[in-house]
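Coordinates as given in protein_5.tsv (TSV, C-alpha atoms and all ligand atoms):
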```
chain	number	residue	atom	x	y	z
A	1191	MET	CA	-51.46	1.79	129.51
A	1192	ARG	CA	-53.19	2.14	126.13
A	1193	GLN	CA	-51.74	4.90	123.90
A	1194	SER	CA	-54.01	7.92	123.37
A	1195	THR	CA	-53.79	7.36	119.58
A	1196	SER	CA	-55.05	3.79	119.95
A	1197	LYS	CA	-58.38	3.12	118.23
A	1198	ARG	CA	-61.02	0.42	118.06
A	1199	VAL	CA	-60.89	-0.72	114.46
A	1200	LEU	CA	-63.34	-2.96	112.61
A	1201	VAL	CA	-61.89	-5.03	109.75
A	1202	THR	CA	-64.54	-6.77	107.64
A	1203	GLY	CA	-63.13	-9.70	105.71
A	1204	GLY	CA	-60.45	-9.82	108.40
A	1205	ALA	CA	-59.95	-13.59	108.10
A	1206	GLY	CA	-59.07	-13.28	104.42
A	1207	PHE	CA	-55.73	-12.79	102.72
A	1208	LEU	CA	-55.42	-8.99	102.93
A	1209	GLY	CA	-57.60	-8.69	106.04
A	1210	SER	CA	-55.41	-10.98	108.12
A	1211	HIS	CA	-52.30	-8.93	107.28
A	1212	LEU	CA	-54.19	-5.73	108.09
A	1213	CYS	CA	-55.36	-7.09	111.48
A	1214	GLU	CA	-51.77	-8.03	112.28
A	1215	ARG	CA	-50.49	-4.58	111.34
A	1216	LEU	CA	-53.18	-2.71	113.31
A	1217	LEU	CA	-52.46	-4.78	116.44
A	1218	ALA	CA	-48.74	-4.10	116.03
A	1219	ASP	CA	-49.57	-0.38	115.85
A	1220	GLY	CA	-51.34	-0.64	119.23
A	1221	HIS	CA	-54.98	-0.65	118.10
A	1222	GLU	CA	-57.87	-2.87	119.22
A	1223	VAL	CA	-59.15	-4.97	116.33
A	1224	LEU	CA	-62.61	-6.41	115.75
A	1225	CYS	CA	-62.36	-8.89	112.90
A	1226	VAL	CA	-65.67	-9.73	111.18
A	1227	ASP	CA	-65.88	-12.52	108.61
A	1228	ASN	CA	-68.33	-15.16	107.38
A	1229	TYR	CA	-65.49	-17.49	106.26
A	1230	PHE	CA	-66.75	-17.65	102.68
A	1231	THR	CA	-63.20	-17.49	101.33
A	1232	GLY	CA	-61.31	-16.63	104.50
A	1233	SER	CA	-60.32	-18.99	107.26
A	1234	ARG	CA	-59.61	-19.01	110.97
A	1235	HIS	CA	-56.21	-20.47	110.06
A	1236	ASN	CA	-55.24	-17.02	108.73
A	1237	ILE	CA	-55.75	-15.38	112.12
A	1238	VAL	CA	-55.20	-18.24	114.54
A	1239	HIS	CA	-51.92	-16.65	115.65
A	1240	LEU	CA	-53.84	-13.52	116.71
A	1241	MET	CA	-56.52	-15.28	118.77
A	1242	ASP	CA	-54.66	-14.97	122.06
A	1243	HIS	CA	-53.86	-11.29	121.58
A	1244	PRO	CA	-55.74	-9.32	124.26
A	1245	ASP	CA	-56.72	-6.59	121.75
A	1246	PHE	CA	-58.10	-8.99	119.11
A	1247	GLU	CA	-61.73	-10.06	118.82
A	1248	LEU	CA	-63.34	-12.25	116.20
A	1249	LEU	CA	-66.98	-12.25	115.12
A	1250	ARG	CA	-68.56	-14.61	112.61
A	1251	HIS	CA	-70.99	-12.43	110.67
A	1252	ASP	CA	-72.18	-11.81	107.11
A	1253	ILE	CA	-72.07	-8.07	106.32
A	1254	THR	CA	-75.11	-8.27	104.06
A	1255	TRP	CA	-76.93	-8.21	107.43
A	1256	PRO	CA	-76.90	-5.20	109.79
A	1257	LEU	CA	-74.15	-5.02	112.38
A	1258	TYR	CA	-74.37	-3.04	115.61
A	1259	VAL	CA	-70.97	-2.62	117.27
A	1260	GLU	CA	-68.98	0.33	118.64
A	1261	VAL	CA	-65.76	1.23	116.82
A	1262	ASP	CA	-63.73	4.30	115.78
A	1263	GLN	CA	-62.65	3.20	112.30
A	1264	ILE	CA	-63.78	0.68	109.69
A	1265	TYR	CA	-61.84	-1.06	106.92
A	1266	ASN	CA	-64.41	-2.72	104.63
A	1267	LEU	CA	-62.64	-5.63	102.92
A	1268	ALA	CA	-65.34	-8.31	102.99
A	1269	CYS	CA	-65.89	-9.63	99.45
A	1270	PRO	CA	-64.65	-12.64	97.50
A	1271	ALA	CA	-61.79	-11.35	95.36
A	1272	SER	CA	-60.73	-14.00	92.86
A	1273	PRO	CA	-62.72	-14.68	89.67
A	1274	VAL	CA	-63.30	-18.33	90.66
A	1275	HIS	CA	-64.76	-17.34	94.03
A	1276	TYR	CA	-66.75	-14.26	93.03
A	1277	GLN	CA	-68.31	-16.10	90.08
A	1278	HIS	CA	-69.27	-19.09	92.25
A	1279	ASP	CA	-72.33	-17.25	93.63
A	1280	PRO	CA	-72.49	-14.02	91.62
A	1281	VAL	CA	-75.71	-12.76	93.20
A	1282	GLN	CA	-74.18	-13.10	96.67
A	1283	THR	CA	-71.09	-11.25	95.38
A	1284	THR	CA	-73.14	-8.25	94.32
A	1285	LYS	CA	-75.10	-8.39	97.58
A	1286	THR	CA	-71.88	-8.41	99.58
A	1287	SER	CA	-70.55	-5.35	97.77
A	1288	VAL	CA	-73.81	-3.37	97.73
A	1289	LEU	CA	-75.76	-4.44	100.84
A	1290	GLY	CA	-72.48	-4.82	102.73
A	1291	ALA	CA	-71.48	-1.26	101.82
A	1292	ILE	CA	-74.89	0.08	102.87
A	1293	ASN	CA	-74.69	-1.66	106.25
A	1294	MET	CA	-71.10	-0.63	106.92
A	1295	LEU	CA	-71.84	2.96	105.82
A	1296	GLY	CA	-74.94	3.00	108.06
A	1297	LEU	CA	-72.77	1.79	110.92
A	1298	ALA	CA	-70.12	4.45	110.17
A	1299	LYS	CA	-72.83	7.13	109.96
A	1300	ARG	CA	-74.27	6.23	113.37
A	1301	LEU	CA	-70.80	6.24	114.92
A	1302	ARG	CA	-69.36	9.15	112.87
A	1303	ALA	CA	-66.52	6.71	112.17
A	1304	ARG	CA	-63.99	6.94	109.38
A	1305	ILE	CA	-64.50	4.18	106.82
A	1306	LEU	CA	-62.17	2.82	104.12
A	1307	GLN	CA	-63.47	0.80	101.18
A	1308	ALA	CA	-61.36	-1.86	99.48
A	1309	SER	CA	-62.29	-1.11	95.89
A	1310	THR	CA	-60.45	-2.55	92.93
A	1311	SER	CA	-58.70	-1.91	89.64
A	1312	GLU	CA	-61.58	-3.99	88.19
A	1313	VAL	CA	-63.64	-0.77	88.20
A	1314	TYR	CA	-61.53	0.08	85.11
A	1315	GLY	CA	-62.65	-3.17	83.41
A	1316	ASP	CA	-60.68	-4.00	80.26
A	1317	PRO	CA	-59.00	-0.58	80.13
A	1318	ASP	CA	-58.37	1.36	76.93
A	1319	VAL	CA	-56.28	3.93	78.83
A	1320	HIS	CA	-52.91	2.66	80.02
A	1321	PRO	CA	-51.62	2.96	82.74
A	1322	GLN	CA	-54.86	3.68	84.62
A	1323	PRO	CA	-55.14	7.00	86.49
A	1324	GLU	CA	-57.98	7.52	89.00
A	1325	ASP	CA	-59.93	9.82	86.67
A	1326	TYR	CA	-60.22	7.12	83.98
A	1327	ARG	CA	-63.85	5.97	84.05
A	1328	GLY	CA	-63.29	2.45	82.84
A	1329	ASN	CA	-64.56	-0.02	80.29
A	1330	VAL	CA	-66.74	-2.56	82.09
A	1331	ASN	CA	-69.15	-5.06	80.52
A	1332	THR	CA	-72.28	-4.75	82.67
A	1333	THR	CA	-73.65	-8.17	81.66
A	1334	GLY	CA	-70.56	-10.41	81.56
A	1335	PRO	CA	-69.36	-12.95	84.14
A	1336	ARG	CA	-67.07	-10.41	85.87
A	1337	ALA	CA	-69.85	-7.83	86.23
A	1338	CYS	CA	-71.09	-9.13	89.62
A	1339	TYR	CA	-67.73	-8.10	91.06
A	1340	ASP	CA	-66.91	-5.06	88.91
A	1341	GLU	CA	-70.34	-3.45	89.06
A	1342	GLY	CA	-70.81	-4.37	92.72
A	1343	LYS	CA	-67.57	-2.57	93.53
A	1344	ARG	CA	-68.52	0.39	91.30
A	1345	CYS	CA	-71.87	0.70	93.06
A	1346	ALA	CA	-70.14	0.50	96.43
A	1347	GLU	CA	-67.92	3.43	95.39
A	1348	THR	CA	-71.07	5.38	94.44
A	1349	LEU	CA	-72.58	4.66	97.86
A	1350	PHE	CA	-69.40	5.78	99.61
A	1351	PHE	CA	-69.34	9.09	97.75
A	1352	ASP	CA	-73.09	9.65	98.29
A	1353	TYR	CA	-72.80	9.01	102.05
A	1354	HIS	CA	-69.89	11.45	102.00
A	1355	ARG	CA	-71.84	14.15	100.11
A	1356	GLN	CA	-75.23	13.54	101.73
A	1357	HIS	CA	-74.19	12.79	105.31
A	1358	GLY	CA	-70.70	14.32	105.53
A	1359	LEU	CA	-69.22	10.89	106.27
A	1360	PRO	CA	-65.38	10.70	106.31
A	1361	ILE	CA	-64.59	8.13	103.60
A	1362	LYS	CA	-61.46	6.68	101.99
A	1363	VAL	CA	-61.78	4.70	98.75
A	1364	VAL	CA	-58.78	2.63	97.68
A	1365	ARG	CA	-58.55	0.96	94.27
A	1366	ILE	CA	-56.34	-2.07	94.83
A	1367	PHE	CA	-54.38	-3.58	91.93
A	1368	ASN	CA	-53.42	-7.29	91.94
A	1369	THR	CA	-51.82	-8.02	95.30
A	1370	TYR	CA	-50.16	-11.27	96.34
A	1371	GLY	CA	-48.31	-12.81	99.27
A	1372	PRO	CA	-48.51	-15.36	102.07
A	1373	ARG	CA	-52.02	-16.54	103.06
A	1374	MET	CA	-53.51	-16.30	99.59
A	1375	HIS	CA	-55.95	-19.20	99.32
A	1376	PRO	CA	-54.08	-22.02	97.50
A	1377	ASN	CA	-57.21	-22.88	95.56
A	1378	ASP	CA	-58.69	-19.49	94.74
A	1379	GLY	CA	-57.56	-19.54	91.13
A	1380	ARG	CA	-55.59	-16.31	91.14
A	1381	VAL	CA	-52.58	-16.42	88.91
A	1382	VAL	CA	-49.80	-16.04	91.49
A	1383	SER	CA	-51.15	-18.73	93.85
A	1384	ASN	CA	-52.05	-21.03	90.94
A	1385	PHE	CA	-48.59	-20.84	89.38
A	1386	ILE	CA	-46.72	-21.28	92.67
A	1387	VAL	CA	-48.82	-24.26	93.80
A	1388	GLN	CA	-48.58	-25.86	90.34
A	1389	ALA	CA	-44.79	-25.36	90.24
A	1390	LEU	CA	-44.28	-26.71	93.76
A	1391	GLN	CA	-46.39	-29.78	93.00
A	1392	GLY	CA	-44.64	-30.38	89.66
A	1393	ARG	CA	-47.89	-29.91	87.72
A	1394	PRO	CA	-48.07	-27.89	84.48
A	1395	LEU	CA	-48.54	-24.13	84.84
A	1396	THR	CA	-51.84	-23.12	83.22
A	1397	ILE	CA	-51.54	-19.99	81.08
A	1398	TYR	CA	-54.92	-18.70	79.95
A	1399	GLY	CA	-54.78	-17.48	76.34
A	1400	ASP	CA	-51.35	-16.76	74.88
A	1401	GLY	CA	-49.97	-15.24	78.09
A	1402	SER	CA	-49.38	-11.83	76.52
A	1403	GLN	CA	-51.92	-10.13	78.83
A	1404	THR	CA	-50.27	-8.04	81.53
A	1405	ARG	CA	-50.77	-7.43	85.24
A	1406	SER	CA	-48.90	-5.44	87.90
A	1407	PHE	CA	-48.27	-7.35	91.11
A	1408	CYS	CA	-48.00	-5.67	94.50
A	1409	TYR	CA	-46.59	-7.45	97.55
A	1410	VAL	CA	-49.05	-7.47	100.46
A	1411	ASP	CA	-46.85	-5.56	102.95
A	1412	ASP	CA	-46.54	-2.62	100.54
A	1413	LEU	CA	-50.29	-2.49	100.08
A	1414	ILE	CA	-51.06	-2.58	103.83
A	1415	GLU	CA	-48.59	0.27	104.38
A	1416	GLY	CA	-50.55	2.29	101.81
A	1417	PHE	CA	-53.86	1.44	103.56
A	1418	VAL	CA	-52.82	2.69	106.98
A	1419	ARG	CA	-51.13	5.80	105.62
A	1420	PHE	CA	-54.24	6.70	103.64
A	1421	MET	CA	-56.56	6.10	106.61
A	1422	ASP	CA	-54.51	8.66	108.58
A	1423	THR	CA	-54.71	11.44	105.96
A	1424	PRO	CA	-56.89	14.53	106.62
A	1425	GLU	CA	-60.63	14.16	105.98
A	1426	GLN	CA	-60.70	16.01	102.65
A	1427	HIS	CA	-58.71	13.17	101.06
A	1428	THR	CA	-61.45	10.75	100.08
A	1429	GLY	CA	-59.82	9.10	97.06
A	1430	PRO	CA	-60.42	7.19	94.94
A	1431	LEU	CA	-56.76	6.33	95.27
A	1432	ASN	CA	-54.89	3.71	93.25
A	1433	LEU	CA	-52.63	1.44	95.30
A	1434	GLY	CA	-50.49	-1.10	93.50
A	1435	ASN	CA	-47.07	-1.79	92.08
A	1436	PRO	CA	-46.49	-0.16	88.68
A	1437	GLY	CA	-44.07	-2.89	87.55
A	1438	GLU	CA	-45.88	-4.58	84.64
A	1439	PHE	CA	-45.35	-8.19	83.54
A	1440	THR	CA	-46.92	-10.50	80.98
A	1441	ILE	CA	-48.46	-13.65	82.43
A	1442	ARG	CA	-45.89	-15.66	80.49
A	1443	GLU	CA	-43.05	-13.70	82.17
A	1444	LEU	CA	-44.64	-14.47	85.53
A	1445	ALA	CA	-44.84	-18.19	84.71
A	1446	ASP	CA	-41.17	-18.28	83.67
A	1447	MET	CA	-40.14	-16.45	86.85
A	1448	VAL	CA	-42.11	-18.83	89.12
A	1449	ILE	CA	-40.59	-21.89	87.41
A	1450	ARG	CA	-37.09	-20.43	87.83
A	1451	LEU	CA	-37.57	-19.43	91.48
A	1452	THR	CA	-39.03	-22.80	92.49
A	1453	ASN	CA	-36.45	-24.79	90.46
A	1454	SER	CA	-39.46	-26.64	89.13
A	1455	SER	CA	-39.50	-29.05	86.22
A	1456	SER	CA	-43.12	-28.08	85.45
A	1457	LYS	CA	-44.08	-27.35	81.86
A	1458	ILE	CA	-46.38	-24.57	80.69
A	1459	ILE	CA	-49.71	-25.44	79.06
A	1460	ALA	CA	-52.29	-23.18	77.39
A	1461	LYS	CA	-55.92	-23.01	78.54
A	1462	PRO	CA	-58.75	-20.93	77.07
A	1463	LEU	CA	-58.79	-17.24	77.95
A	1464	PRO	CA	-61.80	-16.46	80.19
A	1465	GLN	CA	-64.44	-14.05	78.83
A	1466	ASP	CA	-63.75	-10.32	79.42
A	1467	ASP	CA	-60.25	-11.01	80.78
A	1468	PRO	CA	-58.52	-7.59	80.82
A	1469	LYS	CA	-55.63	-7.42	78.31
A	1470	GLN	CA	-53.50	-5.04	80.34
A	1471	ARG	CA	-53.41	-3.50	83.77
A	1472	ARG	CA	-50.99	-1.15	85.49
A	1473	PRO	CA	-51.66	1.51	88.11
A	1474	ASP	CA	-50.76	5.16	87.75
A	1475	ILE	CA	-49.72	5.79	91.38
A	1476	ALA	CA	-48.74	9.48	91.06
A	1477	ARG	CA	-51.55	10.51	93.46
A	1478	ALA	CA	-50.60	7.99	96.13
A	1479	LYS	CA	-46.93	8.97	95.84
A	1480	ALA	CA	-47.72	12.66	96.32
A	1481	LEU	CA	-50.32	12.22	99.08
A	1482	LEU	CA	-48.79	9.40	101.11
A	1483	ASP	CA	-45.11	9.67	100.22
A	1484	TRP	CA	-45.58	5.99	99.40
A	1485	GLU	CA	-44.43	3.61	96.73
A	1486	PRO	CA	-44.00	-0.16	96.71
A	1487	LYS	CA	-40.61	-1.36	97.91
A	1488	VAL	CA	-40.76	-5.12	97.31
A	1489	ARG	CA	-39.80	-6.15	93.79
A	1490	LEU	CA	-41.70	-9.01	92.17
A	1491	GLU	CA	-38.83	-11.48	92.40
A	1492	GLU	CA	-38.34	-10.83	96.13
A	1493	GLY	CA	-42.09	-10.96	96.87
A	1494	LEU	CA	-42.43	-14.21	94.93
A	1495	LYS	CA	-39.59	-15.77	96.93
A	1496	ARG	CA	-41.37	-14.94	100.19
A	1497	THR	CA	-44.69	-16.23	98.84
A	1498	ILE	CA	-43.09	-19.44	97.53
A	1499	ALA	CA	-41.52	-20.03	100.96
A	1500	TYR	CA	-44.98	-19.67	102.54
A	1501	PHE	CA	-46.66	-22.10	100.13
A	1502	ASP	CA	-43.78	-24.52	100.46
A	1503	ARG	CA	-44.42	-24.71	104.22
A	1504	ALA	CA	-48.20	-24.44	103.99
A	1505	LEU	CA	-48.63	-27.17	101.40
A	1506	ASP	CA	-46.97	-29.54	103.81
A	1507	ARG	CA	-49.76	-28.89	106.24
A	1508	HIS	CA	-52.60	-31.32	105.85
A	1509	GLU	CA	-55.50	-28.89	105.50
A	1510	LEU	CA	-53.86	-26.70	102.86
A	1511	ALA	CA	-52.66	-29.64	100.85
A	1512	ARG	CA	-56.24	-30.90	100.80
A	1513	ALA	CA	-57.61	-27.47	99.86
A	1514	ALA	CA	-55.26	-27.30	96.88
A	1515	GLU	CA	-56.28	-30.68	95.46
B	1601	LIG	P1	-60.09	-12.92	100.35
B	1601	LIG	O1	-61.10	-13.72	99.61
B	1601	LIG	O2	-58.92	-13.62	100.92
B	1601	LIG	O3	-60.78	-12.10	101.52
B	1601	LIG	C1	-62.11	-11.69	101.53
B	1601	LIG	C2	-62.69	-11.99	102.91
B	1601	LIG	O4	-64.05	-11.52	102.98
B	1601	LIG	C3	-62.73	-13.49	103.22
B	1601	LIG	O5	-62.20	-13.75	104.48
B	1601	LIG	C4	-64.22	-13.83	103.16
B	1601	LIG	O6	-64.58	-14.93	103.96
B	1601	LIG	C5	-64.85	-12.53	103.59
B	1601	LIG	N1	-66.23	-12.33	103.15
B	1601	LIG	C6	-66.73	-12.50	101.90
B	1601	LIG	N2	-68.04	-12.20	101.87
B	1601	LIG	C7	-68.36	-11.81	103.14
B	1601	LIG	C8	-69.57	-11.38	103.75
B	1601	LIG	N3	-70.71	-11.28	103.05
B	1601	LIG	N4	-69.55	-11.06	105.07
B	1601	LIG	C9	-68.40	-11.17	105.80
B	1601	LIG	N5	-67.23	-11.58	105.26
B	1601	LIG	C10	-67.22	-11.90	103.95
B	1601	LIG	O7	-59.62	-11.77	99.34
B	1601	LIG	P2	-58.55	-10.60	99.52
B	1601	LIG	O8	-57.61	-10.70	98.40
B	1601	LIG	O9	-58.03	-10.56	100.90
B	1601	LIG	O10	-59.47	-9.33	99.25
B	1601	LIG	C11	-59.89	-8.45	100.28
B	1601	LIG	C12	-60.58	-7.24	99.66
B	1601	LIG	O11	-59.69	-6.54	98.80
B	1601	LIG	C13	-61.80	-7.62	98.81
B	1601	LIG	O12	-62.81	-6.65	99.02
B	1601	LIG	C14	-61.28	-7.50	97.40
B	1601	LIG	O13	-62.30	-7.18	96.49
B	1601	LIG	C15	-60.26	-6.39	97.53
B	1601	LIG	N6	-59.23	-6.49	96.47
B	1601	LIG	C16	-58.23	-7.43	96.55
B	1601	LIG	C17	-57.29	-7.50	95.53
B	1601	LIG	C18	-56.15	-8.48	95.57
B	1601	LIG	O14	-55.39	-8.53	94.61
B	1601	LIG	N7	-55.95	-9.25	96.61
B	1601	LIG	C19	-57.38	-6.63	94.43
B	1601	LIG	C20	-58.42	-5.72	94.37
B	1601	LIG	C21	-59.33	-5.64	95.41
B	1602	LIG	N1	-76.86	-0.24	110.05
B	1602	LIG	C1	-76.05	-1.15	110.68
B	1602	LIG	N2	-75.46	-0.77	111.86
B	1602	LIG	C2	-75.66	0.46	112.43
B	1602	LIG	C3	-76.48	1.38	111.74
B	1602	LIG	C4	-77.05	0.99	110.54
B	1602	LIG	O1	-75.86	-2.26	110.23
B	1602	LIG	O2	-75.10	0.72	113.49
B	1602	LIG	C5	-77.44	-0.64	108.75
B	1602	LIG	C6	-78.95	-0.71	108.80
B	1602	LIG	O3	-79.31	-2.02	108.42
B	1602	LIG	C7	-79.39	0.27	107.75
B	1602	LIG	C8	-78.16	0.53	106.91
B	1602	LIG	O4	-77.08	0.33	107.79
B	1602	LIG	O5	-80.38	-0.29	106.92
B	1602	LIG	C9	-78.10	1.94	106.37
B	1602	LIG	O6	-78.22	2.85	107.45
B	1602	LIG	P1	-78.72	4.32	107.22
B	1602	LIG	O7	-78.78	4.98	108.55
B	1602	LIG	O8	-77.90	4.97	106.18
B	1602	LIG	O9	-80.14	4.14	106.56
B	1602	LIG	P2	-81.56	3.72	107.11
B	1602	LIG	O10	-81.40	3.20	108.49
B	1602	LIG	O11	-82.31	4.98	107.06
B	1602	LIG	O12	-81.99	2.70	106.13
B	1603	LIG	N1	-54.35	-16.56	84.66
B	1603	LIG	C1	-53.62	-17.55	84.01
B	1603	LIG	N2	-53.52	-18.77	84.60
B	1603	LIG	C2	-54.08	-19.06	85.80
B	1603	LIG	C3	-54.82	-18.05	86.47
B	1603	LIG	C4	-54.93	-16.81	85.86
B	1603	LIG	O1	-53.09	-17.34	82.91
B	1603	LIG	O2	-53.93	-20.20	86.28
B	1603	LIG	C5	-54.42	-15.22	84.03
B	1603	LIG	C6	-55.83	-14.64	83.95
B	1603	LIG	O3	-56.46	-15.05	82.75
B	1603	LIG	C7	-55.54	-13.16	83.96
B	1603	LIG	C8	-54.31	-13.03	84.85
B	1603	LIG	O4	-53.70	-14.33	84.86
B	1603	LIG	O5	-55.21	-12.70	82.68
B	1603	LIG	C9	-54.62	-12.58	86.28
B	1603	LIG	O6	-55.64	-13.42	86.76
B	1603	LIG	P1	-56.16	-13.34	88.26
B	1603	LIG	O7	-57.34	-14.25	88.35
B	1603	LIG	O8	-55.05	-13.55	89.21
B	1603	LIG	O9	-56.60	-11.81	88.46
B	1603	LIG	P2	-57.45	-10.76	87.60
B	1603	LIG	O10	-57.81	-11.35	86.27
B	1603	LIG	O11	-58.64	-10.50	88.43
B	1603	LIG	O12	-56.53	-9.63	87.46
```
Target encoding structure tokens, full file:
Amino acid sequence: MRQSTSKRVLVTGGAGFLGSHLCERLLADGHEVLCVDNYFTGSRHNIVHLMDHPDFELLRHDITWPLYVEVDQIYNLACPASPVHYQHDPVQTTKTSVLGAINMLGLAKRLRARILQASTSEVYGDPDVHPQPEDYRGNVNTTGPRACYDEGKRCAETLFFDYHRQHGLPIKVVRIFNTYGPRMHPNDGRVVSNFIVQALQGRPLTIYGDGSQTRSFCYVDDLIEGFVRFMDTPEQHTGPLNLGNPGEFTIRELADMVIRLTNSSSKIIAKPLPQDDPKQRRPDIARAKALLDWEPKVRLEEGLKRTIAYFDRALDRHELARAAE
């Protein structure tokens, strides 16, 4: 018999990297999952192992269009996340963040459902406060190539807080810092997947700029744990809440570590630094620690080993090898 705590949960972007791990976790916790995705960057391969689960349902749908379903909770993750993908069709990126948020908030309002938004550390832009606490308001270029993503996500946060104030909607806004792990798209251009695929294929690792810029990398399991803990907090806790791993590394340190862990003979080459590339990024997670009794457990080296093992297997598979070409 179904547990009384079991819920019907909608995950938008559920066929993506983070979404697929979240669907898996929610099913393991005994919930019913409705996964909604338009497969822009996600893939059925990410959730194929869940298809036969009796509590899993998949719907191909673009959240910029209205969606009428019946659920108890919503995790809104649908949005391309890597610079290469979100800059491919920047107008669609902003539409996904803004129109998608309006539709999912309208859905939550009709159902009185709790809704969590996957926001991002990009709302801080190229930060001049370091590390970034939630009350830092950011330094975003409104007209640059990253703006479609950054401003779309900022507007989505505004919509979440206005639905909360105006309609009393129970919201949870999470600001995710760079997260990595198995099922990242091998060709999405993010630094961890790029470096691992390049190292495994013996191609040069491409460092943009001089590699002195920093990022903080969170392993996917740690992030998902933070998501579900936050969703279960009392209603007054709306966020925004930073979730990420405070360990900070230069991109050059990351490249060296990937080469060492893959035993690769790849060299490192320099490529131009993209416009508006943030120079440093590291979450202040004091709020999440206090509220959720949570902090990341997987160190970068361990998380990279698990991710390398995934890509090592996945690149053997025909479709992923082709996608990475
Ligand atoms: P991803 O690209 O793997 O997943 C995004 C998913 O959303 C994909 O499956 C894609 O097909 C789907 N999607 C895109 N537009 C859609 C639309 N209009 N309608 C329905 N589905 C749509 O990326 P991810 O890393 O899993 O990111 C998930 C969420 O987390 C995104 O909202 C992203 O902005 C946020 N986030 C991720 C990171 C990270 O480091 N991974 C950091 C900050 C924020
Ligand atoms: N919406 C949806 N599913 C629902 C309810 C609403 O997709 O179950 C969409 C609908 O397209 C609407 C949007 O959410 O335009 C915002 O809904 P809201 O009730 O806030 O505003 P209104 O309907 O007044 O525009
Ligand atoms: N980067 C790099 N080589 C790559 C891909 C990315 O040096 O092949 C750099 C990029 O310029 C940025 C950092 O790595 O400084 C993180 O990039 P990513 O696209 O993963 O995430 P974001 O910039 O959104 O944090």
Spatial neighbours of Ile1498 of chain A, max dist 9 Å, all atoms listed in the file, sep filter under 6 positions, as a VMD selection string: chain A and resid 1371 to 1372 1383 1386 to 1387 1390 1448 1451 to 1452
Protein and nucleic acid residues within 12 Å of ligand LIG 1602 (chain B) (all atoms listed in the file) as a PyMOL selection string: chain A and resi 1251-1261+1264+1288-1303+1349-1350+1352-1354+1356-1359
Could you write out the selected residues, including C-alpha atoms, as a PDB file, in the frame of the given file?
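See result_19.pdb below for the written result:
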```pdb
ATOM      1  CA  HIS A1251     -70.990 -12.430 110.670  1.00  0.00           C
ATOM      2  CA  ASP A1252     -72.180 -11.810 107.110  1.00  0.00           C
ATOM      3  CA  ILE A1253     -72.070  -8.070 106.320  1.00  0.00           C
ATOM      4  CA  THR A1254     -75.110  -8.270 104.060  1.00  0.00           C
ATOM      5  CA  TRP A1255     -76.930  -8.210 107.430  1.00  0.00           C
ATOM      6  CA  PRO A1256     -76.900  -5.200 109.790  1.00  0.00           C
ATOM      7  CA  LEU A1257     -74.150  -5.020 112.380  1.00  0.00           C
ATOM      8  CA  TYR A1258     -74.370  -3.040 115.610  1.00  0.00           C
ATOM      9  CA  VAL A1259     -70.970  -2.620 117.270  1.00  0.00           C
ATOM     10  CA  GLU A1260     -68.980   0.330 118.640  1.00  0.00           C
ATOM     11  CA  VAL A1261     -65.760   1.230 116.820  1.00  0.00           C
ATOM     12  CA  ILE A1264     -63.780   0.680 109.690  1.00  0.00           C
ATOM     13  CA  VAL A1288     -73.810  -3.370  97.730  1.00  0.00           C
ATOM     14  CA  LEU A1289     -75.760  -4.440 100.840  1.00  0.00           C
ATOM     15  CA  GLY A1290     -72.480  -4.820 102.730  1.00  0.00           C
ATOM     16  CA  ALA A1291     -71.480  -1.260 101.820  1.00  0.00           C
ATOM     17  CA  ILE A1292     -74.890   0.080 102.870  1.00  0.00           C
ATOM     18  CA  ASN A1293     -74.690  -1.660 106.250  1.00  0.00           C
ATOM     19  CA  MET A1294     -71.100  -0.630 106.920  1.00  0.00           C
ATOM     20  CA  LEU A1295     -71.840   2.960 105.820  1.00  0.00           C
ATOM     21  CA  GLY A1296     -74.940   3.000 108.060  1.00  0.00           C
ATOM     22  CA  LEU A1297     -72.770   1.790 110.920  1.00  0.00           C
ATOM     23  CA  ALA A1298     -70.120   4.450 110.170  1.00  0.00           C
ATOM     24  CA  LYS A1299     -72.830   7.130 109.960  1.00  0.00           C
ATOM     25  CA  ARG A1300     -74.270   6.230 113.370  1.00  0.00           C
ATOM     26  CA  LEU A1301     -70.800   6.240 114.920  1.00  0.00           C
ATOM     27  CA  ARG A1302     -69.360   9.150 112.870  1.00  0.00           C
ATOM     28  CA  ALA A1303     -66.520   6.710 112.170  1.00  0.00           C
ATOM     29  CA  LEU A1349     -72.580   4.660  97.860  1.00  0.00           C
ATOM     30  CA  PHE A1350     -69.400   5.780  99.610  1.00  0.00           C
ATOM     31  CA  ASP A1352     -73.090   9.650  98.290  1.00  0.00           C
ATOM     32  CA  TYR A1353     -72.800   9.010 102.050  1.00  0.00           C
ATOM     33  CA  HIS A1354     -69.890  11.450 102.000  1.00  0.00           C
ATOM     34  CA  GLN A1356     -75.230  13.540 101.730  1.00  0.00           C
ATOM     35  CA  HIS A1357     -74.190  12.790 105.310  1.00  0.00           C
ATOM     36  CA  GLY A1358     -70.700  14.320 105.530  1.00  0.00           C
ATOM     37  CA  LEU A1359     -69.220  10.890 106.270  1.00  0.00           C
TER      38      LEU A1359
END
```
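In terms of minimum interatomic distance to ligand LIG 1601 (chain B), A:Arg1365 ranks closest within A:Arg1471, A:Arg1489, A:Lys1495, A:Arg1365, counting all atoms listed in the file.
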Polymer residues at most 12 Å from segment 1324-1334 of chain A, all atoms listed in the file, same-chain spacing of 3 or more positions, as a PyMOL selection string: chain A and resi 1277+1280+1309-1321+1337-1345+1363-1366+1429-1433+1464-1469+1471-1478
Surroundings of ligand LIG 1601 (chain B) up to 7 Å, based on all atoms listed in the file, as a count of residues only: 40
